[in-house]
>>> print(open('start.tsv').read())   # TSV, C-alpha atoms
chain	number	residue	atom	x	y	z
A	1	MET	CA	118.80	20.63	-14.53
A	2	SER	CA	115.26	20.32	-13.22
A	3	GLU	CA	112.29	22.62	-13.32
A	4	LYS	CA	108.85	21.81	-11.99
A	5	ILE	CA	105.82	22.62	-14.10
A	6	LYS	CA	103.80	24.99	-11.94
A	7	SER	CA	100.43	24.14	-13.47
A	8	LEU	CA	100.95	20.47	-12.68
A	9	GLN	CA	102.02	21.24	-9.12
A	10	MET	CA	98.83	23.27	-8.74
A	11	LEU	CA	96.81	20.37	-10.13
A	12	ARG	CA	98.54	18.02	-7.67
A	13	ALA	CA	97.41	20.26	-4.82
A	14	ILE	CA	93.83	20.33	-6.09
A	15	ALA	CA	93.81	16.54	-6.54
A	16	ALA	CA	95.17	15.93	-3.04
A	17	TRP	CA	92.65	18.22	-1.36
A	18	MET	CA	89.79	16.69	-3.34
A	19	VAL	CA	90.73	13.38	-1.73
A	20	VAL	CA	91.07	15.02	1.70
A	21	TYR	CA	87.51	16.35	1.68
A	22	HIS	CA	86.16	13.16	0.09
A	23	HIS	CA	87.51	11.17	3.04
A	24	PHE	CA	86.34	13.80	5.52
A	25	MET	CA	82.80	13.32	4.26
A	26	GLN	CA	83.16	9.54	4.04
A	27	LEU	CA	84.37	9.06	7.61
A	28	PHE	CA	82.16	11.64	9.30
A	29	PHE	CA	78.95	11.26	7.27
A	30	GLY	CA	79.23	8.14	5.09
A	31	LEU	CA	78.93	8.06	1.31
A	32	ASP	CA	75.14	8.29	1.07
A	33	VAL	CA	74.94	12.09	1.21
A	34	ASP	CA	72.29	13.43	-1.17
A	35	GLY	CA	71.64	16.81	-2.73
A	36	PHE	CA	73.94	19.39	-4.28
A	37	SER	CA	75.76	20.67	-1.23
A	38	LEU	CA	79.53	21.13	-1.32
A	39	GLY	CA	79.87	18.06	0.88
A	40	ALA	CA	77.79	15.97	-1.51
A	41	LEU	CA	79.99	17.10	-4.41
A	42	PHE	CA	83.10	15.92	-2.56
A	43	VAL	CA	81.40	12.60	-1.82
A	44	ARG	CA	80.65	12.07	-5.50
A	45	TYR	CA	83.73	13.52	-7.12
A	46	GLY	CA	86.49	13.89	-4.52
A	47	GLY	CA	87.87	10.43	-5.25
A	48	PHE	CA	88.58	11.62	-8.80
A	49	GLY	CA	91.75	13.17	-7.40
A	50	VAL	CA	93.31	9.70	-7.58
A	51	ASP	CA	92.70	9.54	-11.34
A	52	LEU	CA	94.48	12.88	-11.73
A	53	PHE	CA	97.43	11.58	-9.71
A	54	PHE	CA	97.81	8.51	-11.93
A	55	VAL	CA	97.75	10.52	-15.16
A	56	LEU	CA	100.20	13.04	-13.70
A	57	SER	CA	102.50	10.21	-12.65
A	58	GLY	CA	102.50	8.72	-16.14
A	59	PHE	CA	103.23	12.12	-17.68
A	60	VAL	CA	106.12	12.93	-15.34
A	61	MET	CA	107.74	9.49	-15.60
A	62	PHE	CA	107.58	9.50	-19.40
A	63	SER	CA	109.03	13.00	-19.55
A	64	ALA	CA	111.84	12.17	-17.15
A	65	VAL	CA	112.86	8.95	-18.87
A	66	ASN	CA	112.42	10.25	-22.41
A	67	LYS	CA	114.46	13.41	-21.89
A	68	GLY	CA	116.94	12.24	-19.32
A	69	HIS	CA	117.86	8.73	-20.48
A	70	VAL	CA	117.60	7.58	-16.86
A	71	SER	CA	119.12	4.15	-16.26
A	72	ALA	CA	116.88	1.41	-14.89
A	73	CYS	CA	118.76	1.11	-11.58
A	74	ARG	CA	118.91	4.83	-10.91
A	75	PHE	CA	115.25	5.19	-11.79
A	76	ALA	CA	114.20	2.37	-9.44
A	77	VAL	CA	116.35	3.61	-6.55
A	78	GLY	CA	115.07	7.15	-6.99
A	79	ARG	CA	111.45	6.01	-6.94
A	80	VAL	CA	111.93	3.82	-3.87
A	81	PHE	CA	113.49	6.66	-1.90
A	82	ARG	CA	110.78	9.04	-3.10
A	83	ILE	CA	107.88	6.84	-1.98
A	84	VAL	CA	108.95	4.46	0.79
A	85	PRO	CA	110.26	6.62	3.69
A	86	ALA	CA	107.17	8.82	3.99
A	87	TYR	CA	104.82	5.88	3.44
A	88	TRP	CA	106.47	3.75	6.11
A	89	PHE	CA	106.57	6.69	8.53
A	90	HIS	CA	102.85	7.38	8.19
A	91	THR	CA	101.98	3.68	8.25
A	92	LEU	CA	103.70	3.37	11.62
A	93	LEU	CA	101.73	6.41	12.80
A	94	VAL	CA	98.58	4.44	12.01
A	95	VAL	CA	99.88	1.55	14.14
A	96	ALA	CA	100.20	4.02	17.02
A	97	GLY	CA	96.83	5.56	16.18
A	98	ILE	CA	95.03	2.23	16.47
A	99	SER	CA	96.32	1.89	20.03
A	100	LEU	CA	95.73	5.50	21.09
A	101	PHE	CA	92.50	6.27	19.21
A	102	PRO	CA	90.79	2.89	18.65
A	103	GLN	CA	87.37	4.30	17.75
A	104	GLY	CA	88.72	6.77	15.24
A	105	PHE	CA	90.83	4.11	13.54
A	106	SER	CA	88.24	1.32	13.80
A	107	TYR	CA	87.89	1.13	10.01
A	108	THR	CA	91.38	-0.39	9.67
A	109	ASP	CA	93.39	-3.07	11.46
A	110	TYR	CA	96.47	-5.21	11.03
A	111	ASN	CA	98.31	-8.36	11.95
A	112	LEU	CA	101.96	-9.10	11.34
A	113	GLY	CA	101.35	-10.54	7.89
A	114	SER	CA	99.11	-7.74	6.69
A	115	LEU	CA	101.49	-5.11	8.09
A	116	LEU	CA	104.45	-6.56	6.19
A	117	LYS	CA	102.44	-6.78	2.98
A	118	SER	CA	101.28	-3.22	3.49
A	119	LEU	CA	104.84	-1.99	3.92
A	120	PHE	CA	106.03	-3.78	0.78
A	121	PHE	CA	103.12	-2.79	-1.49
A	122	ILE	CA	101.59	-6.25	-1.77
A	123	PRO	CA	97.78	-6.02	-2.05
A	124	VAL	CA	96.25	-7.46	1.11
A	125	SER	CA	92.80	-7.92	2.59
A	126	ASN	CA	92.52	-5.58	5.57
A	127	PRO	CA	91.81	-7.59	8.78
A	128	SER	CA	89.07	-5.07	9.63
A	129	GLY	CA	86.97	-6.50	6.81
A	130	LEU	CA	87.14	-3.26	4.81
A	131	GLY	CA	88.40	-4.99	1.68
A	132	VAL	CA	91.71	-5.09	-0.18
A	133	TYR	CA	93.39	-2.15	1.52
A	134	PRO	CA	96.72	-1.78	3.32
A	135	LEU	CA	96.91	-0.62	6.93
A	136	LEU	CA	97.22	3.01	5.81
A	137	THR	CA	94.24	2.58	3.54
A	138	VAL	CA	95.07	5.35	1.06
A	139	GLY	CA	98.18	3.29	0.28
A	140	TRP	CA	96.16	1.18	-2.15
A	141	THR	CA	97.05	3.72	-4.83
A	142	LEU	CA	100.74	3.29	-4.01
A	143	ASP	CA	100.40	-0.40	-4.86
A	144	PHE	CA	99.59	0.82	-8.38
A	145	GLU	CA	102.32	3.47	-8.38
A	146	MET	CA	105.06	1.10	-7.23
A	147	PHE	CA	104.07	-1.55	-9.74
A	148	PHE	CA	104.15	1.08	-12.48
A	149	TYR	CA	107.60	2.26	-11.40
A	150	MET	CA	109.04	-1.23	-11.16
A	151	ALA	CA	107.48	-2.27	-14.49
A	152	LEU	CA	109.05	0.78	-16.15
A	153	ALA	CA	112.40	0.04	-14.49
A	154	VAL	CA	112.36	-3.57	-15.76
A	155	CYS	CA	111.44	-2.40	-19.25
A	156	LEU	CA	114.33	0.08	-19.19
A	157	LEU	CA	116.61	-2.72	-18.04
A	158	ILE	CA	115.54	-4.83	-21.01
A	159	SER	CA	116.00	-1.96	-23.46
A	160	GLN	CA	117.05	1.59	-22.71
A	161	ARG	CA	115.91	2.69	-26.15
A	162	TRP	CA	112.54	0.94	-26.26
A	163	GLY	CA	111.76	0.79	-22.53
A	164	LEU	CA	108.90	3.30	-22.67
A	165	LEU	CA	107.25	1.46	-25.56
A	166	LEU	CA	107.66	-1.89	-23.80
A	167	CYS	CA	106.09	-0.45	-20.67
A	168	PHE	CA	103.19	0.96	-22.71
A	169	VAL	CA	102.51	-2.43	-24.28
A	170	LEU	CA	102.85	-4.23	-20.94
A	171	LEU	CA	100.45	-1.97	-19.04
A	172	GLY	CA	98.07	-1.89	-21.97
A	173	THR	CA	97.91	-5.68	-22.15
A	174	LEU	CA	97.86	-6.77	-18.49
A	175	PRO	CA	94.25	-5.79	-17.63
A	176	PHE	CA	93.04	-8.01	-20.49
A	177	VAL	CA	95.11	-11.10	-19.76
A	178	PHE	CA	95.98	-11.19	-16.04
A	179	PRO	CA	93.62	-13.59	-14.22
A	180	GLY	CA	91.83	-12.90	-10.97
A	181	GLY	CA	92.42	-14.72	-7.73
A	182	TYR	CA	96.11	-13.90	-7.30
A	183	ALA	CA	97.78	-11.59	-4.79
A	184	PHE	CA	98.49	-8.89	-7.37
A	185	SER	CA	95.26	-9.30	-9.35
A	186	PRO	CA	93.66	-6.14	-7.85
A	187	VAL	CA	96.46	-4.15	-9.48
A	188	LEU	CA	97.50	-6.09	-12.57
A	189	SER	CA	93.98	-6.72	-13.83
A	190	SER	CA	92.74	-3.16	-13.19
A	191	LYS	CA	91.93	-0.72	-15.97
A	192	LEU	CA	93.32	2.04	-13.74
A	193	LEU	CA	96.71	1.10	-15.21
A	194	TYR	CA	95.56	2.83	-18.39
A	195	GLU	CA	95.67	6.18	-16.62
A	196	PHE	CA	99.46	5.99	-16.47
A	197	LEU	CA	99.41	5.39	-20.22
A	198	ILE	CA	97.23	8.46	-20.75
A	199	GLY	CA	100.05	10.37	-19.07
A	200	PHE	CA	102.48	8.79	-21.57
A	201	VAL	CA	100.33	9.96	-24.48
A	202	LEU	CA	100.05	13.50	-23.10
A	203	ALA	CA	103.82	13.70	-22.62
A	204	LEU	CA	104.37	12.54	-26.19
A	205	LEU	CA	101.77	15.00	-27.50
A	206	THR	CA	103.01	18.06	-25.62
A	207	GLY	CA	106.59	17.18	-26.53
A	208	ASN	CA	105.73	17.56	-30.21
A	209	ARG	CA	106.94	20.96	-31.43
A	210	GLY	CA	104.05	21.44	-33.82
A	211	PHE	CA	101.43	20.79	-31.16
A	212	ALA	CA	103.31	22.93	-28.64
A	213	GLU	CA	103.37	25.92	-31.00
A	214	TRP	CA	99.73	25.50	-32.02
A	215	SER	CA	98.48	25.01	-28.46
A	216	GLN	CA	100.28	28.14	-27.28
A	217	ARG	CA	98.76	30.16	-30.11
A	218	TYR	CA	95.28	29.18	-28.91
A	219	ALA	CA	96.10	28.54	-25.26
A	220	TYR	CA	93.06	30.19	-23.68
A	221	SER	CA	90.48	28.77	-26.08
A	222	LEU	CA	92.01	25.28	-26.11
A	223	GLY	CA	92.60	25.28	-22.37
A	224	GLY	CA	89.05	26.46	-21.72
A	225	PHE	CA	87.62	23.81	-24.03
A	226	LEU	CA	89.61	21.07	-22.31
A	227	LEU	CA	88.51	22.29	-18.88
A	228	ILE	CA	84.86	22.16	-19.94
A	229	VAL	CA	85.27	18.67	-21.43
A	230	GLY	CA	87.09	17.46	-18.33
A	231	LEU	CA	84.55	18.85	-15.88
A	232	LEU	CA	81.59	17.55	-17.91
A	233	CYS	CA	83.07	14.06	-18.12
A	234	MET	CA	83.86	14.15	-14.42
A	235	ALA	CA	80.28	15.18	-13.66
A	236	ILE	CA	78.66	12.39	-15.69
A	237	HIS	CA	81.22	9.63	-15.30
A	238	GLN	CA	79.33	7.52	-12.71
A	239	TRP	CA	82.69	5.70	-12.43
A	240	ALA	CA	82.55	4.56	-16.07
A	241	PHE	CA	86.17	4.27	-17.12
A	242	ILE	CA	85.88	6.04	-20.47
A	243	TYR	CA	84.56	9.19	-18.77
A	244	ARG	CA	87.12	9.01	-15.96
A	245	PHE	CA	89.98	8.64	-18.42
A	246	THR	CA	88.72	11.44	-20.65
A	247	ALA	CA	88.17	13.75	-17.68
A	248	ALA	CA	91.58	13.15	-16.14
A	249	GLY	CA	93.41	13.43	-19.45
A	250	SER	CA	91.54	16.60	-20.45
A	251	LEU	CA	92.22	18.37	-17.16
A	252	VAL	CA	95.92	17.49	-17.14
A	253	LEU	CA	96.28	18.60	-20.77
A	254	ALA	CA	94.43	21.83	-19.96
A	255	ALA	CA	96.90	22.53	-17.17
A	256	LEU	CA	99.83	21.95	-19.54
A	257	VAL	CA	98.36	24.15	-22.26
A	258	LEU	CA	97.76	26.99	-19.79
A	259	GLU	CA	101.18	26.72	-18.12
A	260	SER	CA	102.64	29.69	-19.99
A	261	ARG	CA	99.67	31.86	-19.02
A	262	ILE	CA	100.17	31.40	-15.28
A	263	ASN	CA	101.54	34.33	-13.30
A	264	PRO	CA	104.15	32.69	-11.04
A	265	GLN	CA	104.15	35.73	-8.72
A	266	ALA	CA	100.43	35.53	-7.94
A	267	ILE	CA	99.75	34.67	-4.30
A	268	LEU	CA	97.26	31.93	-5.16
A	269	VAL	CA	99.69	30.36	-7.61
A	270	LYS	CA	102.50	30.38	-5.06
A	271	ALA	CA	100.23	28.85	-2.42
A	272	LEU	CA	98.97	26.09	-4.71
A	273	VAL	CA	102.48	25.28	-5.94
A	274	ARG	CA	103.64	24.99	-2.34
A	275	LEU	CA	100.72	22.72	-1.51
A	276	GLY	CA	101.47	20.75	-4.67
A	277	ASP	CA	105.03	20.19	-3.47
A	278	ALA	CA	103.61	18.71	-0.26
A	279	SER	CA	100.75	16.83	-1.95
A	280	TYR	CA	102.24	13.37	-1.32
A	281	SER	CA	102.46	14.11	2.39
A	282	THR	CA	98.95	15.58	2.28
A	283	TYR	CA	97.70	12.35	0.77
A	284	LEU	CA	99.34	10.27	3.50
A	285	VAL	CA	98.70	12.39	6.58
A	286	HIS	CA	95.13	13.56	6.03
A	287	ILE	CA	93.48	10.25	6.87
A	288	ILE	CA	95.35	10.14	10.20
A	289	VAL	CA	94.21	13.65	11.13
A	290	ILE	CA	90.61	12.84	10.20
A	291	CYS	CA	90.64	9.66	12.29
A	292	VAL	CA	91.94	11.49	15.36
A	293	ALA	CA	89.24	14.13	14.88
A	294	LEU	CA	86.67	11.36	14.54
A	295	GLN	CA	87.77	9.93	17.89
A	296	LEU	CA	87.58	13.33	19.59
A	297	PHE	CA	84.32	14.66	18.14
A	298	GLY	CA	82.32	11.65	16.94
A	299	LYS	CA	80.42	11.13	13.70
A	300	ALA	CA	77.97	13.40	11.92
A	301	PRO	CA	78.66	16.72	13.66
A	302	ALA	CA	76.19	19.49	12.84
A	303	GLY	CA	76.10	23.26	12.61
A	304	LEU	CA	79.01	25.29	13.94
A	305	LEU	CA	80.71	22.18	15.36
A	306	MET	CA	80.99	20.71	11.87
A	307	VAL	CA	82.43	23.99	10.54
A	308	PHE	CA	84.93	24.07	13.41
A	309	ILE	CA	86.02	20.45	12.83
A	310	LEU	CA	86.39	21.04	9.09
A	311	ALA	CA	88.49	24.16	9.68
A	312	LEU	CA	90.60	22.37	12.29
A	313	VAL	CA	91.21	19.35	10.05
A	314	THR	CA	92.09	21.61	7.12
A	315	MET	CA	94.58	23.60	9.18
A	316	LEU	CA	96.21	20.53	10.74
A	317	VAL	CA	96.48	18.66	7.44
A	318	CYS	CA	98.04	21.72	5.81
A	319	VAL	CA	100.58	22.30	8.59
A	320	LEU	CA	101.47	18.62	9.01
A	321	SER	CA	101.78	18.15	5.24
A	322	LEU	CA	104.32	20.94	4.98
A	323	TRP	CA	106.15	19.59	8.04
A	324	SER	CA	106.21	16.06	6.60
A	325	TYR	CA	107.41	17.32	3.23
A	326	ARG	CA	110.32	19.13	4.85
A	327	TYR	CA	111.32	16.71	7.60
A	328	VAL	CA	110.19	13.30	6.34
A	329	GLU	CA	110.19	13.40	2.54
A	330	SER	CA	113.24	15.69	2.42
A	331	ASN	CA	114.95	14.26	5.49
A	332	SER	CA	118.71	14.80	5.33
A	333	TRP	CA	119.49	11.24	6.47
A	334	VAL	CA	117.25	9.80	3.78
A	335	MET	CA	118.90	12.03	1.19
A	336	ARG	CA	122.35	10.90	2.27
A	337	LEU	CA	121.34	7.25	2.10
A	338	GLN	CA	119.91	7.80	-1.36
A	339	LYS	CA	123.14	9.45	-2.51
A	340	LEU	CA	125.08	6.50	-1.10
A	341	PHE	CA	123.00	4.06	-3.12
A	342	MET	CA	123.24	6.22	-6.22
A	343	ALA	CA	127.01	6.42	-5.86
A	344	ARG	CA	127.19	2.64	-6.05
A	345	ILE	CA	125.38	2.64	-9.35
A	346	SER	CA	127.58	3.32	-12.33
A	347	ARG	CA	126.57	6.60	-13.95
A	348	PRO	CA	126.42	6.44	-17.74
A	349	LYS	CA	128.22	9.22	-19.58
A	350	GLY	CA	126.07	12.03	-20.84
A	351	VAL	CA	123.17	11.35	-18.51
A	352	LEU	CA	120.90	14.31	-17.97
A	353	HIS	CA	119.46	14.40	-14.47
A	354	VAL	CA	115.89	15.59	-14.31
A	355	SER	CA	113.33	16.02	-11.57
A	356	ILE	CA	110.90	13.11	-11.36
A	357	GLU	CA	109.04	13.97	-8.17
>>> encode(input="start.tsv", output="structure tokens")
Amino acid sequence: MSEKIKSLQMLRAIAAWMVVYHHFMQLFFGLDVDGFSLGALFVRYGGFGVDLFFVLSGFVMFSAVNKGHVSACRFAVGRVFRIVPAYWFHTLLVVAGISLFPQGFSYTDYNLGSLLKSLFFIPVSNPSGLGVYPLLTVGWTLDFEMFFYMALAVCLLISQRWGLLLCFVLLGTLPFVFPGGYAFSPVLSSKLLYEFLIGFVLALLTGNRGFAEWSQRYAYSLGGFLLIVGLLCMAIHQWAFIYRFTAAGSLVLAALVLESRINPQAILVKALVRLGDASYSTYLVHIIVICVALQLFGKAPAGLLMVFILALVTMLVCVLSLWSYRYVESNSWVMRLQKLFMARISRPKGVLHVSIE
């Protein structure tokens, strides 16, 4: 039995579109936009959507494993089929984009070695000189996600009972002890790993009956307080980790506390939940759409042209995200192949199957 938490799906949508508009501003105008315009706010804070994604991922994985007793093999296979097909599909679109729209995609490049590393989530220096980014540059976050998933799978393989605790200790220790200079150092030595652990803590907290009852009694006041704390920390973080972690954790917890107060029939709620379902595709496809628009219209558009480009990019990203979610992420052939792999894995008795999207 699986049931998605609507407030978290809505937060996924918000996080994804924060990143969309952050990259729109970055590629069209650069990151040195001043003032308090909406565009400047997305330049400063749009990248925070990634922090929300990491905390959400930690929460969902803890909840799935803790409640469902998911075996290590089934967990790993499920995660691979969830992430890889759409990522490979959109990475190959970037390969085509570099040939068809070279100016728009000039920020990224590849050779055979970097392409293979990109496809298999190995941190790699982009041949364009951009830095340690895969060909589909937003895929740098998936390097973190896939390491987190595989680390959790290995910990579950070592001990089904204590796997979550082992994973917590592992991810909590690595940023302190893993040296620089190695292929996986950008991931294994990064404090961003702690954001998955914040998700663990939130799942443990909200799973406590006493906290759940108390938080529902004061849902509006607690949720409002957490929203204020989260937004204030996000506003002053200046990329300091303590503020980023506090902001992301507070906003995710606020969403969980307010879940029971959401009207599932409201049009805005339905729209955001739908966009949340497609948020992974949104995250992958938006950079491709922006690069094509950059090729067609050039940098730093002004006036009505800028408004037109923004509206066009928004519409195309929305439509293509929903298309990708239906026909790439949920592709029937991919689903059949996943079922085939799952069928080859012995299913423990009494396993509860839960949604871990």
>>> closest_atom_pairs(input="start.tsv", of="range 5-62 of chain A", to="range 234-258 of chain A", cutoff="7 Å", atoms="only C-alpha atoms", output="tab-separated table")
residue	atom	partner	partner_atom	distance
A:Ser7	CA	A:Ala255	CA	5.4
A:Leu8	CA	A:Ala255	CA	6.4
A:Asp51	CA	A:Ala248	CA	6.1
A:Leu52	CA	A:Ala248	CA	5.3
A:Val55	CA	A:Gly249	CA	6.8
>>> closest_residue(input="start.tsv", among="A:Cys73, A:Met25, A:Val313, A:Val138", to="Leu157 in chain A", atoms="all atoms listed in the file")
A:Cys73
>>> atom_distance(input="start.tsv", atom1="CA of Ile228 in chain A", atom2="CA of Lys4 in chain A")
25.3 Å
>>> closest_residue(input="start.tsv", among="A:Phe101, A:Pro127, A:Trp214, A:Met61", to="Cys167 in chain A", atoms="only C-alpha atoms")
A:Met61
>>> residues_around(input="start.tsv", residues="range 263-274 of chain A", least_positions_apart="6", cutoff="12 Å", atoms="only C-alpha atoms", output="count of residues only")
24
>>> atom_distance(input="start.tsv", atom1="CA of Val50 in chain A", atom2="CA of Phe144 in chain A")
10.9 Å
>>> atom_distance(input="start.tsv", atom1="CA of Met18 in chain A", atom2="CA of Leu284 in chain A")
13.4 Å
>>> residues_around(input="start.tsv", residues="Thr137 in chain A", least_positions_apart="6", cutoff="9 Å", atoms="only C-alpha atoms", output="list in words")
Thr108, Asn126 and Ile287 of chain A
>>> closest_residue(input="start.tsv", among="A:Ser71, A:Ser330, A:Ser324, A:Ser260", to="Leu275 in chain A", atoms="only C-alpha atoms")
A:Ser324
>>> closest_residue(input="start.tsv", among="A:Ala86, A:Cys291, A:Val177, A:Leu170", to="Phe148 in chain A", atoms="all atoms listed in the file")
A:Leu170
>>> residues_near_point(input="start.tsv", point="(102.0, 0.5, -12.5)", cutoff="7 Å", atoms="all atoms listed in the file", output="MDAnalysis selection string")
chainID A and resid 144:149 151 193
>>> axis_aligned_box(input="start.tsv", around="range 324-327 of chain A", padding_each_side="4 Å", output="JSON")
{"center_x": 108.8, "center_y": 17.6, "center_z": 5.4, "size_x": 13.1, "size_y": 11.1, "size_z": 12.4}
>>> residues_around(input="start.tsv", residues="range 305-312 of chain A", least_positions_apart="4", cutoff="10 Å", atoms="all atoms listed in the file", output="list in words")
Tyr21, Phe24, Met25, Phe28, Val289, Ile290, Ala293, Leu294, Leu296, Phe297, Lys299, Ala300, Pro301, Leu316, Val317 and Cys318 of chain A
>>> closest_residue(input="start.tsv", among="A:Val229, A:Ile288, A:Leu205, A:Val124", to="Leu92 in chain A", atoms="all atoms listed in the file")
A:Ile288
>>> closest_residue(input="start.tsv", among="A:Ala183, A:Leu142, A:Met150, A:Leu27", to="Tyr107 in chain A", atoms="only C-alpha atoms")
A:Leu27
>>> decode(input="start.tsv", residues="range 14-58 of chain A", atoms="C-alpha atoms", output="PDB file, in the first residue's frame")
ATOM      1  CA  ILE A  14       8.228  24.458  -5.414  1.00  0.00           C
ATOM      2  CA  ALA A  15      11.825  23.243  -5.039  1.00  0.00           C
ATOM      3  CA  ALA A  16      12.039  22.183  -8.687  1.00  0.00           C
ATOM      4  CA  TRP A  17      10.687  25.475 -10.005  1.00  0.00           C
ATOM      5  CA  MET A  18      12.994  27.458  -7.727  1.00  0.00           C
ATOM      6  CA  VAL A  19      15.870  25.733  -9.507  1.00  0.00           C
ATOM      7  CA  VAL A  20      14.269  26.336 -12.922  1.00  0.00           C
ATOM      8  CA  TYR A  21      14.116  30.097 -12.448  1.00  0.00           C
ATOM      9  CA  HIS A  22      17.539  30.183 -10.779  1.00  0.00           C
ATOM     10  CA  HIS A  23      19.056  28.644 -13.904  1.00  0.00           C
ATOM     11  CA  PHE A  24      16.975  30.859 -16.172  1.00  0.00           C
ATOM     12  CA  MET A  25      18.511  33.908 -14.514  1.00  0.00           C
ATOM     13  CA  GLN A  26      21.980  32.360 -14.409  1.00  0.00           C
ATOM     14  CA  LEU A  27      22.132  31.492 -18.106  1.00  0.00           C
ATOM     15  CA  PHE A  28      20.398  34.579 -19.473  1.00  0.00           C
ATOM     16  CA  PHE A  29      21.721  37.248 -17.080  1.00  0.00           C
ATOM     17  CA  GLY A  30      24.561  35.756 -15.018  1.00  0.00           C
ATOM     18  CA  LEU A  31      24.664  35.556 -11.230  1.00  0.00           C
ATOM     19  CA  ASP A  32      25.625  39.175 -10.530  1.00  0.00           C
ATOM     20  CA  VAL A  33      22.071  40.563 -10.571  1.00  0.00           C
ATOM     21  CA  ASP A  34      21.587  43.191  -7.866  1.00  0.00           C
ATOM     22  CA  GLY A  35      18.546  44.678  -6.171  1.00  0.00           C
ATOM     23  CA  PHE A  36      15.349  43.126  -4.862  1.00  0.00           C
ATOM     24  CA  SER A  37      13.619  42.175  -8.079  1.00  0.00           C
ATOM     25  CA  LEU A  38      12.009  38.757  -8.422  1.00  0.00           C
ATOM     26  CA  GLY A  39      14.858  37.736 -10.716  1.00  0.00           C
ATOM     27  CA  ALA A  40      17.448  38.765  -8.132  1.00  0.00           C
ATOM     28  CA  LEU A  41      15.641  36.691  -5.495  1.00  0.00           C
ATOM     29  CA  PHE A  42      15.822  33.616  -7.725  1.00  0.00           C
ATOM     30  CA  VAL A  43      19.523  34.269  -8.330  1.00  0.00           C
ATOM     31  CA  ARG A  44      20.189  34.379  -4.588  1.00  0.00           C
ATOM     32  CA  TYR A  45      17.824  31.729  -3.318  1.00  0.00           C
ATOM     33  CA  GLY A  46      16.662  29.556  -6.220  1.00  0.00           C
ATOM     34  CA  GLY A  47      19.500  27.093  -5.731  1.00  0.00           C
ATOM     35  CA  PHE A  48      18.090  26.364  -2.267  1.00  0.00           C
ATOM     36  CA  GLY A  49      15.647  24.027  -4.007  1.00  0.00           C
ATOM     37  CA  VAL A  50      18.456  21.450  -4.081  1.00  0.00           C
ATOM     38  CA  ASP A  51      18.725  21.527  -0.277  1.00  0.00           C
ATOM     39  CA  LEU A  52      14.997  20.846  -0.036  1.00  0.00           C
ATOM     40  CA  PHE A  53      15.343  17.899  -2.424  1.00  0.00           C
ATOM     41  CA  PHE A  54      18.102  16.321  -0.326  1.00  0.00           C
ATOM     42  CA  VAL A  55      16.155  16.624   2.932  1.00  0.00           C
ATOM     43  CA  LEU A  56      13.023  15.269   1.242  1.00  0.00           C
ATOM     44  CA  SER A  57      15.011  12.344  -0.133  1.00  0.00           C
ATOM     45  CA  GLY A  58      16.369  11.465   3.301  1.00  0.00           C
TER      46      GLY A  58
END
